[in-house]
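Asks: Here it is, the structure, as structure tokens.
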Amino acid sequence: MLVPVESKQIAFCSYNEAESALYLYYHTGDVAIFSSIGKQDYQSVIDSPNRYDTLMNLMKKGQSEEQVQAMFPQSNKRGGKLA
């Protein structure tokens with residue numbers, strides 16, 4: 001199921017329970033895949049009134065600030081593992 005994210009960069013997100021992977025679908029058509037994301041963490045994104053901020057906080061949990069900036073830059077560049 002695609003879940004809308006109100007963001008200039010990210011259009012939707014989804015979760016693959018079998019892979020414990022979070023998928024981010026960018027407005028550009030790119031897809032970033034983040035592994036080792038728990039279902040409870042993904043549920044917190046779904047339940048959040050501000051999904052983008054919740055995604056940012058989730059990514060910060062296991063990443064350094066530099067890595068997070070690489071994944072979510074202010075420009076249209078994208079990071080993470082692209083599919």
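Numbering starts fresh at 1 for the residues of each chain in the structure tokens, the chains themselves are lettered A, B, ... in the order given, and ligands are numbered from 1 as they appear.
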Which residues come within 12 Å of A:Pro49, counting only C-alpha atoms, excluding same-chain residues fewer than 6 positions away, as a PyMOL selection string?
Replies: chain A and resi 4-6+55
Asks: Please dump the current selection as a PDB file, in the first residue's frame; keep N, CA, C and O atoms.
Replies:
ATOM      1  N   PRO A   4       0.676   8.348   1.179  1.00  0.00           N
ATOM      2  CA  PRO A   4       1.119   9.677   0.755  1.00  0.00           C
ATOM      3  C   PRO A   4       1.974  10.360   1.823  1.00  0.00           C
ATOM      4  O   PRO A   4       1.729  10.221   3.019  1.00  0.00           O
ATOM      5  N   VAL A   5       2.988  11.081   1.363  1.00  0.00           N
ATOM      6  CA  VAL A   5       3.847  11.891   2.234  1.00  0.00           C
ATOM      7  C   VAL A   5       3.781  13.314   1.687  1.00  0.00           C
ATOM      8  O   VAL A   5       4.099  13.544   0.529  1.00  0.00           O
ATOM      9  N   GLU A   6       3.361  14.242   2.509  1.00  0.00           N
ATOM     10  CA  GLU A   6       3.269  15.634   2.060  1.00  0.00           C
ATOM     11  C   GLU A   6       4.654  16.258   2.126  1.00  0.00           C
ATOM     12  O   GLU A   6       5.077  16.773   3.150  1.00  0.00           O
ATOM     13  N   LEU A  55       9.466  10.434   9.187  1.00  0.00           N
ATOM     14  CA  LEU A  55      10.460   9.721   8.378  1.00  0.00           C
ATOM     15  C   LEU A  55      11.863  10.223   8.689  1.00  0.00           C
ATOM     16  O   LEU A  55      12.801   9.427   8.833  1.00  0.00           O
TER      17      LEU A  55
END
Asks: Using backbone DSSP assignments, extract all strand (DSSP E or B) residues from stretch 7-57 of chain A; output them as a list in words.
Replies: Ile10, Ala11, Phe12, Cys13, Ser14, Tyr15, Asn16, Ala21, Leu22, Tyr23, Leu24, Tyr25, Tyr26, Val31, Ala32, Ile33 and Phe34 of chain A
Asks: As a list in words, please: the residues near A:Ser36 (cut-off 9 Å, only C-alpha atoms, same-chain neighbours under 5 positions excluded).
Replies: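 Here the qualifying residues turn out to be Glu19, Ser20, Ala21 and Leu22 of chain A.
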Asks: Which of these, A:Val3, A:Lys60, A:Asn50, A:Ala11, has the shortest distance to A:Thr28 once you count only C-alpha atoms?
Replies: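 Using only C-alpha atoms, the shortest distance to A:Thr28 belongs to A:Ala11.
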Asks: Can you tell me, as a PyMOL selection string, which residues in stretch 9-61 of chain A count as helix (DSSP H, G or I) by DSSP?
Replies: chain A and resi 39-47+51-61
Asks: Go ahead and compute the interatomic distance for atom CA of A:Phe12 and atom CA of A:Tyr25, in Å to one decimal.
Replies: 5.1 Å
Asks: Please provide the set of residues having any atom within 12 Å of A:Gln40, restricted to only C-alpha atoms, with same-chain residues fewer than 3 positions apart removed, written as a list in words.
Replies: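 What passes the distance filter is Tyr15, Glu17, Ser20, Leu22, Ser36, Ile37, Gln43, Ser44, Val45, Ile46, Asp47 and Leu58 of chain A.
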